[in-house]
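Participant: Have a peek at start_0.tsv (TSV, N, CA and C atoms and all ligand atoms).
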```tsv
chain	number	residue	atom	x	y	z
A	132	MET	N	74.09	67.69	144.76
A	132	MET	CA	74.15	68.78	143.79
A	132	MET	C	73.91	70.13	144.49
A	133	ASP	N	74.62	71.16	144.04
A	133	ASP	CA	74.51	72.50	144.62
A	133	ASP	C	73.45	73.32	143.90
A	134	VAL	N	72.71	74.10	144.66
A	134	VAL	CA	71.84	75.08	144.01
A	134	VAL	C	72.48	76.45	144.18
A	135	LYS	N	72.66	77.15	143.06
A	135	LYS	CA	73.30	78.45	143.12
A	135	LYS	C	72.49	79.50	142.37
A	136	ASN	N	72.81	80.76	142.68
A	136	ASN	CA	72.26	81.85	141.89
A	136	ASN	C	73.14	82.07	140.67
A	137	CYS	N	72.51	82.13	139.53
A	137	CYS	CA	73.26	82.40	138.30
A	137	CYS	C	73.94	83.77	138.42
A	138	ARG	N	75.19	83.80	138.00
A	138	ARG	CA	75.95	85.03	138.11
A	138	ARG	C	75.41	86.13	137.19
A	139	ARG	N	74.75	85.72	136.12
A	139	ARG	CA	74.27	86.71	135.16
A	139	ARG	C	72.83	87.15	135.44
A	140	CYS	N	71.93	86.17	135.64
A	140	CYS	CA	70.51	86.54	135.73
A	140	CYS	C	69.96	86.34	137.14
A	141	ARG	N	70.76	85.81	138.03
A	141	ARG	CA	70.37	85.64	139.45
A	141	ARG	C	69.31	84.56	139.67
A	142	ARG	N	68.92	83.84	138.61
A	142	ARG	CA	67.99	82.73	138.81
A	142	ARG	C	68.70	81.59	139.54
A	143	LEU	N	67.91	80.81	140.29
A	143	LEU	CA	68.49	79.63	140.94
A	143	LEU	C	68.61	78.50	139.92
A	144	PHE	N	69.68	77.78	140.01
A	144	PHE	CA	69.83	76.64	139.10
A	144	PHE	C	70.68	75.58	139.77
A	145	ASN	N	70.66	74.36	139.24
A	145	ASN	CA	71.47	73.26	139.78
A	145	ASN	C	72.88	73.37	139.24
A	146	TYR	N	73.79	73.70	140.15
A	146	TYR	CA	75.17	73.93	139.74
A	146	TYR	C	75.93	72.61	139.66
A	147	ILE	N	76.62	72.39	138.55
A	147	ILE	CA	77.40	71.17	138.41
A	147	ILE	C	78.90	71.49	138.44
A	148	SER	N	79.37	72.26	137.45
A	148	SER	CA	80.79	72.62	137.46
A	148	SER	C	81.00	73.83	136.56
A	149	GLY	N	82.22	74.33	136.58
A	149	GLY	CA	82.57	75.47	135.73
A	149	GLY	C	82.05	76.78	136.30
A	150	GLN	N	81.72	77.69	135.40
A	150	GLN	CA	81.25	79.00	135.82
A	150	GLN	C	79.87	78.88	136.48
A	151	PRO	N	79.62	79.71	137.52
A	151	PRO	CA	78.30	79.68	138.17
A	151	PRO	C	77.26	80.39	137.31
A	152	ILE	N	76.90	79.76	136.22
A	152	ILE	CA	75.98	80.35	135.26
A	152	ILE	C	74.94	79.31	134.87
A	153	CYS	N	73.66	79.70	134.83
A	153	CYS	CA	72.60	78.75	134.54
A	153	CYS	C	72.66	78.29	133.07
A	154	PRO	N	72.06	77.15	132.76
A	154	PRO	CA	72.17	76.60	131.40
A	154	PRO	C	71.68	77.58	130.33
A	155	GLN	N	70.64	78.35	130.67
A	155	GLN	CA	70.11	79.30	129.69
A	155	GLN	C	71.12	80.39	129.37
A	156	CYS	N	71.74	80.95	130.42
A	156	CYS	CA	72.74	82.00	130.20
A	156	CYS	C	73.96	81.42	129.50
A	157	ARG	N	74.29	80.18	129.83
A	157	ARG	CA	75.42	79.52	129.22
A	157	ARG	C	75.22	79.47	127.69
A	158	GLU	N	74.00	79.15	127.32
A	158	GLU	CA	73.67	79.09	125.90
A	158	GLU	C	73.79	80.46	125.25
A	159	GLU	N	73.27	81.47	125.98
A	159	GLU	CA	73.35	82.84	125.45
A	159	GLU	C	74.80	83.29	125.33
A	160	LEU	N	75.61	82.92	126.33
A	160	LEU	CA	77.01	83.28	126.31
A	160	LEU	C	77.73	82.63	125.13
A	161	GLU	N	77.35	81.40	124.85
A	161	GLU	CA	77.97	80.67	123.75
A	161	GLU	C	77.65	81.37	122.43
A	162	LYS	N	76.40	81.83	122.31
A	162	LYS	CA	76.02	82.58	121.10
A	162	LYS	C	76.84	83.86	121.01
A	163	LYS	N	76.98	84.51	122.16
A	163	LYS	CA	77.74	85.76	122.21
A	163	LYS	C	79.20	85.49	121.82
A	164	PHE	N	79.70	84.37	122.31
A	164	PHE	CA	81.08	84.02	121.98
A	164	PHE	C	81.26	83.88	120.47
A	165	GLN	N	80.31	83.19	119.84
A	165	GLN	CA	80.40	83.01	118.38
A	165	GLN	C	80.34	84.36	117.67
A	166	GLU	N	79.52	85.26	118.21
A	166	GLU	CA	79.39	86.60	117.64
A	166	GLU	C	80.72	87.36	117.75
A	167	VAL	N	81.33	87.28	118.94
A	167	VAL	CA	82.59	87.98	119.17
A	167	VAL	C	83.68	87.40	118.27
A	168	LYS	N	83.67	86.08	118.16
A	168	LYS	CA	84.68	85.40	117.35
A	168	LYS	C	84.58	85.85	115.89
A	169	LYS	N	83.34	85.92	115.41
A	169	LYS	CA	83.10	86.35	114.04
A	169	LYS	C	83.53	87.80	113.87
A	170	TYR	N	83.20	88.62	114.88
A	170	TYR	CA	83.57	90.03	114.81
A	170	TYR	C	85.09	90.18	114.70
A	171	LEU	N	85.82	89.41	115.50
A	171	LEU	CA	87.28	89.50	115.48
A	171	LEU	C	87.83	89.00	114.15
A	172	PHE	N	87.13	88.01	113.59
A	172	PHE	CA	87.56	87.45	112.32
A	172	PHE	C	87.38	88.49	111.21
A	173	ASP	N	86.24	89.19	111.26
A	173	ASP	CA	85.94	90.21	110.24
A	173	ASP	C	86.70	91.50	110.45
A	174	ASN	N	87.09	91.74	111.70
A	174	ASN	CA	87.76	93.01	112.02
A	174	ASN	C	89.13	92.75	112.63
A	175	ARG	N	90.04	92.33	111.82
A	175	ARG	CA	91.38	92.09	112.33
A	175	ARG	C	91.95	93.43	112.79
A	176	GLY	N	92.54	93.43	113.96
A	176	GLY	CA	93.06	94.68	114.48
A	176	GLY	C	92.12	95.29	115.52
A	177	ALA	N	90.96	94.64	115.74
A	177	ALA	CA	90.03	95.14	116.75
A	177	ALA	C	90.62	94.96	118.15
A	178	THR	N	90.26	95.87	119.04
A	178	THR	CA	90.74	95.80	120.42
A	178	THR	C	89.58	95.40	121.33
A	179	ILE	N	89.89	95.19	122.61
A	179	ILE	CA	88.83	94.79	123.55
A	179	ILE	C	87.70	95.85	123.62
A	180	PRO	N	88.04	97.15	123.73
A	180	PRO	CA	86.94	98.14	123.74
A	180	PRO	C	86.07	98.08	122.49
A	181	ASP	N	86.68	97.79	121.33
A	181	ASP	CA	85.89	97.63	120.10
A	181	ASP	C	84.88	96.49	120.26
A	182	VAL	N	85.36	95.39	120.80
A	182	VAL	CA	84.51	94.20	120.97
A	182	VAL	C	83.36	94.51	121.92
A	183	ILE	N	83.69	95.18	123.04
A	183	ILE	CA	82.67	95.50	124.04
A	183	ILE	C	81.58	96.37	123.42
A	184	GLU	N	82.02	97.35	122.61
A	184	GLU	CA	81.07	98.28	122.03
A	184	GLU	C	80.23	97.61	120.94
A	185	ASN	N	80.86	96.83	120.11
A	185	ASN	CA	80.16	96.29	118.94
A	185	ASN	C	79.39	95.01	119.22
A	186	CYS	N	79.80	94.26	120.23
A	186	CYS	CA	79.14	92.99	120.50
A	186	CYS	C	78.32	93.03	121.78
A	187	ASP	N	78.34	94.16	122.50
A	187	ASP	CA	77.59	94.29	123.73
A	187	ASP	C	77.92	93.15	124.70
A	188	VAL	N	79.16	93.08	125.08
A	188	VAL	CA	79.63	92.02	125.97
A	188	VAL	C	80.50	92.65	127.06
A	189	GLU	N	80.53	92.00	128.23
A	189	GLU	CA	81.32	92.55	129.33
A	189	GLU	C	82.80	92.33	129.12
A	190	GLU	N	83.58	93.31	129.58
A	190	GLU	CA	85.03	93.20	129.43
A	190	GLU	C	85.58	91.97	130.14
A	191	SER	N	85.05	91.71	131.35
A	191	SER	CA	85.57	90.56	132.11
A	191	SER	C	85.33	89.26	131.35
A	192	GLN	N	84.20	89.21	130.61
A	192	GLN	CA	83.89	88.01	129.84
A	192	GLN	C	84.86	87.85	128.69
A	193	VAL	N	85.15	88.96	128.01
A	193	VAL	CA	86.11	88.91	126.89
A	193	VAL	C	87.46	88.43	127.40
A	194	ARG	N	87.88	88.99	128.55
A	194	ARG	CA	89.18	88.61	129.12
A	194	ARG	C	89.20	87.13	129.49
A	195	GLN	N	88.07	86.66	129.99
A	195	GLN	CA	88.03	85.24	130.36
A	195	GLN	C	88.21	84.35	129.14
A	196	TRP	N	87.52	84.71	128.05
A	196	TRP	CA	87.66	83.92	126.83
A	196	TRP	C	89.10	83.94	126.33
A	197	VAL	N	89.74	85.10	126.48
A	197	VAL	CA	91.14	85.20	126.04
A	197	VAL	C	92.02	84.28	126.90
A	198	ARG	N	91.80	84.33	128.22
A	198	ARG	CA	92.58	83.48	129.12
A	198	ARG	C	92.36	81.99	128.83
A	199	GLU	N	91.14	81.68	128.40
A	199	GLU	CA	90.84	80.27	128.09
A	199	GLU	C	91.35	79.88	126.70
A	200	GLU	N	91.99	80.83	126.05
A	200	GLU	CA	92.51	80.63	124.69
A	200	GLU	C	91.42	80.33	123.68
A	201	ARG	N	90.21	80.79	123.96
A	201	ARG	CA	89.13	80.61	123.00
A	201	ARG	C	89.12	81.76	122.00
A	202	LEU	N	89.59	82.92	122.46
A	202	LEU	CA	89.66	84.08	121.59
A	202	LEU	C	91.11	84.47	121.41
A	203	GLU	N	91.43	84.91	120.20
A	203	GLU	CA	92.76	85.43	120.02
A	203	GLU	C	92.69	86.74	119.26
A	204	PHE	N	93.35	87.75	119.79
A	204	PHE	CA	93.42	89.03	119.11
A	204	PHE	C	94.63	89.02	118.19
A	205	SER	N	94.62	89.92	117.20
A	205	SER	CA	95.76	89.99	116.29
A	205	SER	C	97.02	90.27	117.08
A	206	SER	N	98.09	89.64	116.69
A	206	SER	CA	99.33	89.87	117.41
A	206	SER	C	99.80	91.29	117.12
A	207	GLY	N	100.51	91.85	118.08
A	207	GLY	CA	101.01	93.19	117.91
A	207	GLY	C	100.08	94.24	118.48
A	208	ILE	N	98.86	93.81	118.89
A	208	ILE	CA	97.93	94.75	119.50
A	208	ILE	C	98.01	94.60	121.01
A	209	ASP	N	98.18	95.73	121.69
A	209	ASP	CA	98.21	95.66	123.14
A	209	ASP	C	96.78	95.69	123.65
A	210	ILE	N	96.28	94.53	124.10
A	210	ILE	CA	94.91	94.47	124.59
A	210	ILE	C	94.88	94.47	126.11
A	211	GLY	N	96.03	94.73	126.71
A	211	GLY	CA	96.06	94.87	128.17
A	211	GLY	C	96.06	93.54	128.89
A	212	ILE	N	96.38	92.46	128.18
A	212	ILE	CA	96.49	91.16	128.83
A	212	ILE	C	97.97	90.77	128.80
A	213	THR	N	98.46	90.37	129.95
A	213	THR	CA	99.89	90.11	130.05
A	213	THR	C	100.18	88.69	130.52
A	214	CYS	N	101.38	88.24	130.19
A	214	CYS	CA	101.87	86.93	130.62
A	214	CYS	C	101.88	86.87	132.15
A	215	GLU	N	101.32	85.81	132.72
A	215	GLU	CA	101.25	85.70	134.18
A	215	GLU	C	102.61	85.42	134.78
A	216	ASN	N	103.55	85.06	133.94
A	216	ASN	CA	104.89	84.74	134.44
A	216	ASN	C	105.83	85.94	134.36
A	217	CYS	N	105.91	86.58	133.17
A	217	CYS	CA	106.91	87.64	133.01
A	217	CYS	C	106.30	89.00	132.73
A	218	GLY	N	104.97	89.07	132.52
A	218	GLY	CA	104.32	90.37	132.33
A	218	GLY	C	104.38	90.92	130.91
A	219	ALA	N	104.88	90.14	129.97
A	219	ALA	CA	104.92	90.60	128.58
A	219	ALA	C	103.51	90.64	128.01
A	220	PRO	N	103.23	91.63	127.12
A	220	PRO	CA	101.89	91.68	126.52
A	220	PRO	C	101.62	90.46	125.66
A	221	ILE	N	100.44	89.85	125.80
A	221	ILE	CA	100.07	88.69	125.00
A	221	ILE	C	98.69	88.90	124.40
A	222	THR	N	98.31	88.08	123.43
A	222	THR	CA	97.02	88.25	122.76
A	222	THR	C	96.07	87.10	123.03
A	223	THR	N	96.54	86.04	123.65
A	223	THR	CA	95.65	84.95	124.04
A	223	THR	C	96.30	84.12	125.13
A	224	GLY	N	95.50	83.37	125.87
A	224	GLY	CA	96.02	82.45	126.88
A	224	GLY	C	96.50	83.16	128.13
A	225	ARG	N	97.43	82.52	128.84
A	225	ARG	CA	97.89	83.05	130.11
A	225	ARG	C	99.38	83.39	130.11
A	226	PHE	N	100.12	82.79	129.19
A	226	PHE	CA	101.56	83.00	129.18
A	226	PHE	C	102.05	83.37	127.77
A	227	CYS	N	103.18	84.06	127.69
A	227	CYS	CA	103.76	84.41	126.40
A	227	CYS	C	104.44	83.16	125.81
A	228	GLU	N	104.76	83.25	124.51
A	228	GLU	CA	105.36	82.10	123.82
A	228	GLU	C	106.65	81.66	124.51
A	229	LYS	N	107.44	82.65	124.94
A	229	LYS	CA	108.74	82.35	125.54
A	229	LYS	C	108.56	81.54	126.83
A	230	CYS	N	107.65	82.00	127.68
A	230	CYS	CA	107.42	81.31	128.95
A	230	CYS	C	106.81	79.93	128.71
A	231	LYS	N	105.89	79.86	127.73
A	231	LYS	CA	105.29	78.57	127.40
A	231	LYS	C	106.37	77.58	127.01
A	232	ALA	N	107.30	78.04	126.15
A	232	ALA	CA	108.37	77.16	125.69
A	232	ALA	C	109.25	76.71	126.85
A	233	SER	N	109.58	77.62	127.76
A	233	SER	CA	110.46	77.22	128.85
A	233	SER	C	109.72	76.32	129.83
A	234	MET	N	108.39	76.48	129.93
A	234	MET	CA	107.63	75.58	130.79
A	234	MET	C	107.60	74.16	130.23
A	235	ILE	N	107.49	74.07	128.90
A	235	ILE	CA	107.52	72.75	128.27
A	235	ILE	C	108.87	72.10	128.52
A	236	ASN	N	109.94	72.89	128.43
A	236	ASN	CA	111.27	72.36	128.71
A	236	ASN	C	111.37	71.87	130.14
A	237	ASP	N	110.82	72.65	131.08
A	237	ASP	CA	110.85	72.26	132.49
A	237	ASP	C	110.12	70.93	132.68
A	238	LEU	N	108.97	70.81	132.03
A	238	LEU	CA	108.21	69.56	132.15
A	238	LEU	C	109.03	68.39	131.65
A	239	ASN	N	109.68	68.60	130.51
A	239	ASN	CA	110.47	67.52	129.92
A	239	ASN	C	111.64	67.12	130.80
A	240	SER	N	112.32	68.12	131.37
A	240	SER	CA	113.50	67.78	132.17
A	240	SER	C	113.07	67.17	133.51
A	241	ALA	N	111.81	67.28	133.86
A	241	ALA	CA	111.33	66.67	135.11
A	241	ALA	C	110.96	65.21	134.89
A	242	GLY	N	111.70	64.52	134.09
A	242	GLY	CA	111.52	63.07	134.02
A	242	GLY	C	111.12	62.55	132.66
A	243	ARG	N	110.36	63.35	131.89
A	243	ARG	CA	109.89	62.81	130.62
A	243	ARG	C	110.90	63.04	129.52
A	244	ARG	N	110.91	62.16	128.57
A	244	ARG	CA	111.73	62.31	127.40
A	244	ARG	C	111.21	63.48	126.57
A	245	PRO	N	112.09	64.42	126.19
A	245	PRO	CA	111.62	65.52	125.35
A	245	PRO	C	111.15	65.00	123.99
A	246	GLU	N	109.99	65.50	123.53
A	246	GLU	CA	109.50	65.04	122.25
A	246	GLU	C	110.22	65.74	121.11
A	247	VAL	N	110.62	66.97	121.38
A	247	VAL	CA	111.40	67.69	120.39
A	247	VAL	C	112.86	67.57	120.80
A	248	GLU	N	113.73	67.34	119.81
A	248	GLU	CA	115.15	67.19	120.11
A	248	GLU	C	115.69	68.49	120.71
A	249	ALA	N	116.15	68.42	121.94
A	249	ALA	CA	116.71	69.60	122.58
A	249	ALA	C	118.16	69.31	122.94
A	250	PRO	N	119.01	70.35	122.92
A	250	PRO	CA	120.40	70.11	123.32
A	250	PRO	C	120.46	69.64	124.77
A	251	LYS	N	121.15	68.51	124.99
A	251	LYS	CA	121.19	67.97	126.35
A	251	LYS	C	122.48	68.37	127.05
A	252	PRO	N	122.39	68.71	128.30
A	252	PRO	CA	123.62	69.01	129.04
A	252	PRO	C	124.44	67.74	129.18
A	253	GLN	N	125.75	67.84	128.84
A	253	GLN	CA	126.58	66.65	128.83
A	253	GLN	C	127.41	66.48	130.09
A	254	ALA	N	127.20	67.36	131.07
A	254	ALA	CA	128.01	67.30	132.29
A	254	ALA	C	127.83	65.95	132.99
A	255	LYS	N	128.95	65.39	133.47
A	255	LYS	CA	128.86	64.10	134.15
A	255	LYS	C	128.43	64.30	135.59
A	256	GLN	N	127.35	63.68	135.95
A	256	GLN	CA	126.86	63.77	137.32
A	256	GLN	C	126.49	62.36	137.78
A	257	PRO	N	127.46	61.65	138.32
A	257	PRO	CA	127.24	60.24	138.68
A	257	PRO	C	126.01	60.04	139.57
A	258	ALA	N	125.85	60.90	140.57
A	258	ALA	CA	124.72	60.73	141.50
A	258	ALA	C	123.40	60.86	140.75
A	259	GLY	N	123.36	61.89	139.90
A	259	GLY	CA	122.14	62.13	139.14
A	259	GLY	C	121.83	60.97	138.23
A	260	ASN	N	122.87	60.41	137.58
A	260	ASN	CA	122.65	59.28	136.68
A	260	ASN	C	122.09	58.08	137.43
A	261	LYS	N	122.60	57.86	138.62
A	261	LYS	CA	122.14	56.73	139.40
A	261	LYS	C	120.66	56.89	139.73
A	262	MET	N	120.31	58.13	140.14
A	262	MET	CA	118.91	58.43	140.46
A	262	MET	C	118.02	58.14	139.26
A	263	ARG	N	118.47	58.60	138.09
A	263	ARG	CA	117.66	58.43	136.91
A	263	ARG	C	117.48	56.94	136.61
A	264	PHE	N	118.55	56.18	136.81
A	264	PHE	CA	118.49	54.74	136.56
A	264	PHE	C	117.46	54.09	137.47
A	265	LEU	N	117.46	54.51	138.73
A	265	LEU	CA	116.51	53.94	139.69
A	265	LEU	C	115.07	54.27	139.32
A	266	ASN	N	114.92	55.42	138.71
A	266	ASN	CA	113.57	55.87	138.37
A	266	ASN	C	112.96	55.11	137.19
A	267	GLN	N	113.81	54.43	136.45
A	267	GLN	CA	113.30	53.84	135.21
A	267	GLN	C	112.55	52.54	135.47
B	1	ZN	ZN	71.30	82.80	134.16
B	2	ZN	ZN	106.18	85.36	129.71
```
Using the file provided, produce a representation of the structure as structure tokens.

Facilitator:
Amino acid sequence: MDVKNCRRCRRLFNYISGQPICPQCREELEKKFQEVKKYLFDNRGATIPDVIENCDVEESQVRQWVREERLEFSSGIDIGITCENCGAPITTGRFCEKCKASMINDLNSAGRRPEVEAPKPQAKQPAGNKMRFLNQ
């Protein structure tokens, strides 16, 4: 087991996994998260600076929650978080809906049967068909 300094309070603690934060701070952060979530629920249209000011939380923490898809801001608000693939403004997670959809398609065409009916390319490719047969 690793002993680390907590990123928030600098106390030493036994590090297991995830963020380098001691159990006590983790608990406080969780409370803060619930507070922020409630604030966003009560204040639709709030931006990241609003959250920082009203909930006394660090911007980097808010952004992390957004990236983890734990927080979602109202759509249509530019909160300065962008899709990691195409750079489009997003309100939660790491990628925009368009990129997410095309990634799911990529996953499906890489061997798995698509769960949603998608138009299939009908081009005849004998070599490809043989490969697919061998893979089954
Ligand atoms: Zn701590
Ligand atoms: Zn995108």

Participant: Quick one, how far is atom CA of Pro180 of chain A from atom CA of Arg194 of chain A?

Facilitator: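 So the two atoms, atom CA of Pro180 of chain A and atom CA of Arg194 of chain A, lie 11.2 Å apart.
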
Participant: Compile the contact shell of Gly211 of chain A as number ranges by chain: residues with an atom at most 8 Å away, counting only C-alpha atoms, same-chain residues fewer than 2 positions apart removed.

Facilitator: A: 209, 213, 220

Participant: Can you tell me which residues come within 9 Å of ligand ZN 1 (chain B) when counting only C-alpha atoms and all ligand atoms, ideally as an MDAnalysis selection string?

Facilitator: chainID A and resid 136:144 151:157 159

Participant: Now that the selection is made, can you save its residues with N, CA and C atoms as a PDB file, in the coordinates of the input?

Facilitator:
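Saved result, result-v2.pdb, follows:
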```
ATOM      1  N   ASN A 136      72.810  80.760 142.680  1.00  0.00           N
ATOM      2  CA  ASN A 136      72.260  81.850 141.890  1.00  0.00           C
ATOM      3  C   ASN A 136      73.140  82.070 140.670  1.00  0.00           C
ATOM      4  N   CYS A 137      72.510  82.130 139.530  1.00  0.00           N
ATOM      5  CA  CYS A 137      73.260  82.400 138.300  1.00  0.00           C
ATOM      6  C   CYS A 137      73.940  83.770 138.420  1.00  0.00           C
ATOM      7  N   ARG A 138      75.190  83.800 138.000  1.00  0.00           N
ATOM      8  CA  ARG A 138      75.950  85.030 138.110  1.00  0.00           C
ATOM      9  C   ARG A 138      75.410  86.130 137.190  1.00  0.00           C
ATOM     10  N   ARG A 139      74.750  85.720 136.120  1.00  0.00           N
ATOM     11  CA  ARG A 139      74.270  86.710 135.160  1.00  0.00           C
ATOM     12  C   ARG A 139      72.830  87.150 135.440  1.00  0.00           C
ATOM     13  N   CYS A 140      71.930  86.170 135.640  1.00  0.00           N
ATOM     14  CA  CYS A 140      70.510  86.540 135.730  1.00  0.00           C
ATOM     15  C   CYS A 140      69.960  86.340 137.140  1.00  0.00           C
ATOM     16  N   ARG A 141      70.760  85.810 138.030  1.00  0.00           N
ATOM     17  CA  ARG A 141      70.370  85.640 139.450  1.00  0.00           C
ATOM     18  C   ARG A 141      69.310  84.560 139.670  1.00  0.00           C
ATOM     19  N   ARG A 142      68.920  83.840 138.610  1.00  0.00           N
ATOM     20  CA  ARG A 142      67.990  82.730 138.810  1.00  0.00           C
ATOM     21  C   ARG A 142      68.700  81.590 139.540  1.00  0.00           C
ATOM     22  N   LEU A 143      67.910  80.810 140.290  1.00  0.00           N
ATOM     23  CA  LEU A 143      68.490  79.630 140.940  1.00  0.00           C
ATOM     24  C   LEU A 143      68.610  78.500 139.920  1.00  0.00           C
ATOM     25  N   PHE A 144      69.680  77.780 140.010  1.00  0.00           N
ATOM     26  CA  PHE A 144      69.830  76.640 139.100  1.00  0.00           C
ATOM     27  C   PHE A 144      70.680  75.580 139.770  1.00  0.00           C
ATOM     28  N   PRO A 151      79.620  79.710 137.520  1.00  0.00           N
ATOM     29  CA  PRO A 151      78.300  79.680 138.170  1.00  0.00           C
ATOM     30  C   PRO A 151      77.260  80.390 137.310  1.00  0.00           C
ATOM     31  N   ILE A 152      76.900  79.760 136.220  1.00  0.00           N
ATOM     32  CA  ILE A 152      75.980  80.350 135.260  1.00  0.00           C
ATOM     33  C   ILE A 152      74.940  79.310 134.870  1.00  0.00           C
ATOM     34  N   CYS A 153      73.660  79.700 134.830  1.00  0.00           N
ATOM     35  CA  CYS A 153      72.600  78.750 134.540  1.00  0.00           C
ATOM     36  C   CYS A 153      72.660  78.290 133.070  1.00  0.00           C
ATOM     37  N   PRO A 154      72.060  77.150 132.760  1.00  0.00           N
ATOM     38  CA  PRO A 154      72.170  76.600 131.400  1.00  0.00           C
ATOM     39  C   PRO A 154      71.680  77.580 130.330  1.00  0.00           C
ATOM     40  N   GLN A 155      70.640  78.350 130.670  1.00  0.00           N
ATOM     41  CA  GLN A 155      70.110  79.300 129.690  1.00  0.00           C
ATOM     42  C   GLN A 155      71.120  80.390 129.370  1.00  0.00           C
ATOM     43  N   CYS A 156      71.740  80.950 130.420  1.00  0.00           N
ATOM     44  CA  CYS A 156      72.740  82.000 130.200  1.00  0.00           C
ATOM     45  C   CYS A 156      73.960  81.420 129.500  1.00  0.00           C
ATOM     46  N   ARG A 157      74.290  80.180 129.830  1.00  0.00           N
ATOM     47  CA  ARG A 157      75.420  79.520 129.220  1.00  0.00           C
ATOM     48  C   ARG A 157      75.220  79.470 127.690  1.00  0.00           C
ATOM     49  N   GLU A 159      73.270  81.470 125.980  1.00  0.00           N
ATOM     50  CA  GLU A 159      73.350  82.840 125.450  1.00  0.00           C
ATOM     51  C   GLU A 159      74.800  83.290 125.330  1.00  0.00           C
TER      52      GLU A 159
END
```

Participant: Which residues are near Val193 of chain A? Cut-off 10 Å, only C-alpha atoms, ignore same chain within fewer than 4 positions. Put them as a ChimeraX atom specification.

Facilitator: /A:164,167,179-180,182-183,188-189,197-199,201-202

Participant: Using only N, CA and C atoms and all ligand atoms, find each protein or nucleic acid residue lying at most 6.5 Å from ligand ZN 2 (chain B); present the set as a list in words.

Facilitator: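 The distance check yields Cys214, Glu215, Asn216, Cys217, Gly218, Ala219, Phe226, Cys227, Glu228, Lys229, Cys230 and Lys231 of chain A.
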
Participant: Which residues are near Met132 of chain A? Cut-off 10 Å, only C-alpha atoms, ignore same chain within fewer than 4 positions. Put them as a VMD selection string.

Facilitator: chain A and resid 145 to 148

Participant: Take the residues that were just selected and, keeping N, CA and C atoms, output them as a compact mmCIF listing (two decimals), keeping the file's coordinate frame.

Facilitator:
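Generated output (result-v4.txt):
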```
# COMPACT_ATOMS: atom_id res chain seq x y z
N ASN A 145 70.66 74.36 139.24
CA ASN A 145 71.47 73.26 139.78
C ASN A 145 72.88 73.37 139.24
N TYR A 146 73.79 73.70 140.15
CA TYR A 146 75.17 73.93 139.74
C TYR A 146 75.93 72.61 139.66
N ILE A 147 76.62 72.39 138.55
CA ILE A 147 77.40 71.17 138.41
C ILE A 147 78.90 71.49 138.44
N SER A 148 79.37 72.26 137.45
CA SER A 148 80.79 72.62 137.46
C SER A 148 81.00 73.83 136.56
```

Participant: Tell me, as a ChimeraX atom specification, which residues lie within 10 Å of Gly207 of chain A, counting only C-alpha atoms; anything in the same chain fewer than 3 positions away does not count.

Facilitator: /A:176,204,210,220-222

Participant: Do you have the atom N of Phe172 of chain A-atom CA of Ala232 of chain A distance handy?

Facilitator: 26.7 Å

Participant: In Å to one decimal, how far is atom C of Trp196 of chain A from atom C of Thr223 of chain A?

Facilitator: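 Atom C of Trp196 of chain A lies 7.3 Å from atom C of Thr223 of chain A.
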
Participant: Would you give me, as a PyMOL selection string, the residues in segment 135-189 of chain A that DSSP reads as strand (DSSP E or B)?

Facilitator: chain A and resi 135-136+143-146

Participant: If DSSP is run on the backbone, what residues of chain A are alpha helix (DSSP H)? A reply as an MDAnalysis selection string would be ideal.

Facilitator: chainID A and resid 154:173 179:186 190:198 228:240 257:266

Participant: Using the file's own x, y and z axes, what box holds all listed atoms of segment 225-230 of chain A with 6 Å on each side, keeping edges along x, y and z, and what are its centre and edge lengths in Å to one decimal, as lines of an AutoDock Vina configuration file?

Facilitator:
```
center_x = 103.1
center_y = 82.2
center_z = 127.0
size_x = 23.3
size_y = 16.5
size_z = 18.3
```

Participant: Which is closer to Asn174 of chain A than all the others in A:Asn236, A:Arg225, A:Ile212, A:Ser205, using only C-alpha atoms?

Facilitator: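 Once distances to Asn174 of chain A are computed over only C-alpha atoms, the minimum belongs to A:Ser205.
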
Participant: Here is a test: counting all atoms listed in the file, which residue of A:Gly149, A:Ile235, A:Val134, A:Glu203 is nearest to Leu171 of chain A?

Facilitator: A:Glu203

Participant: Atoms are missing here; could segment 222-227 of chain A be completed with N, CA, C and O atoms and written as a PDB file, in the frame of the given file?

Facilitator:
```pdb
ATOM      1  N   THR A 222      98.310  88.080 123.430  1.00  0.00           N
ATOM      2  CA  THR A 222      97.020  88.250 122.760  1.00  0.00           C
ATOM      3  C   THR A 222      96.070  87.100 123.030  1.00  0.00           C
ATOM      4  O   THR A 222      94.912  87.147 122.649  1.00  0.00           O
ATOM      5  N   THR A 223      96.540  86.040 123.650  1.00  0.00           N
ATOM      6  CA  THR A 223      95.650  84.950 124.040  1.00  0.00           C
ATOM      7  C   THR A 223      96.300  84.120 125.130  1.00  0.00           C
ATOM      8  O   THR A 223      97.516  84.155 125.309  1.00  0.00           O
ATOM      9  N   GLY A 224      95.500  83.370 125.870  1.00  0.00           N
ATOM     10  CA  GLY A 224      96.020  82.450 126.880  1.00  0.00           C
ATOM     11  C   GLY A 224      96.500  83.160 128.130  1.00  0.00           C
ATOM     12  O   GLY A 224      96.059  84.241 128.461  1.00  0.00           O
ATOM     13  N   ARG A 225      97.430  82.520 128.840  1.00  0.00           N
ATOM     14  CA  ARG A 225      97.890  83.050 130.110  1.00  0.00           C
ATOM     15  C   ARG A 225      99.380  83.390 130.110  1.00  0.00           C
ATOM     16  O   ARG A 225      99.851  84.152 130.935  1.00  0.00           O
ATOM     17  N   PHE A 226     100.120  82.790 129.190  1.00  0.00           N
ATOM     18  CA  PHE A 226     101.560  83.000 129.180  1.00  0.00           C
ATOM     19  C   PHE A 226     102.050  83.370 127.770  1.00  0.00           C
ATOM     20  O   PHE A 226     101.413  82.998 126.778  1.00  0.00           O
ATOM     21  N   CYS A 227     103.180  84.060 127.690  1.00  0.00           N
ATOM     22  CA  CYS A 227     103.760  84.410 126.400  1.00  0.00           C
ATOM     23  C   CYS A 227     104.440  83.160 125.810  1.00  0.00           C
ATOM     24  O   CYS A 227     104.663  82.172 126.499  1.00  0.00           O
TER      25      CYS A 227
END
```
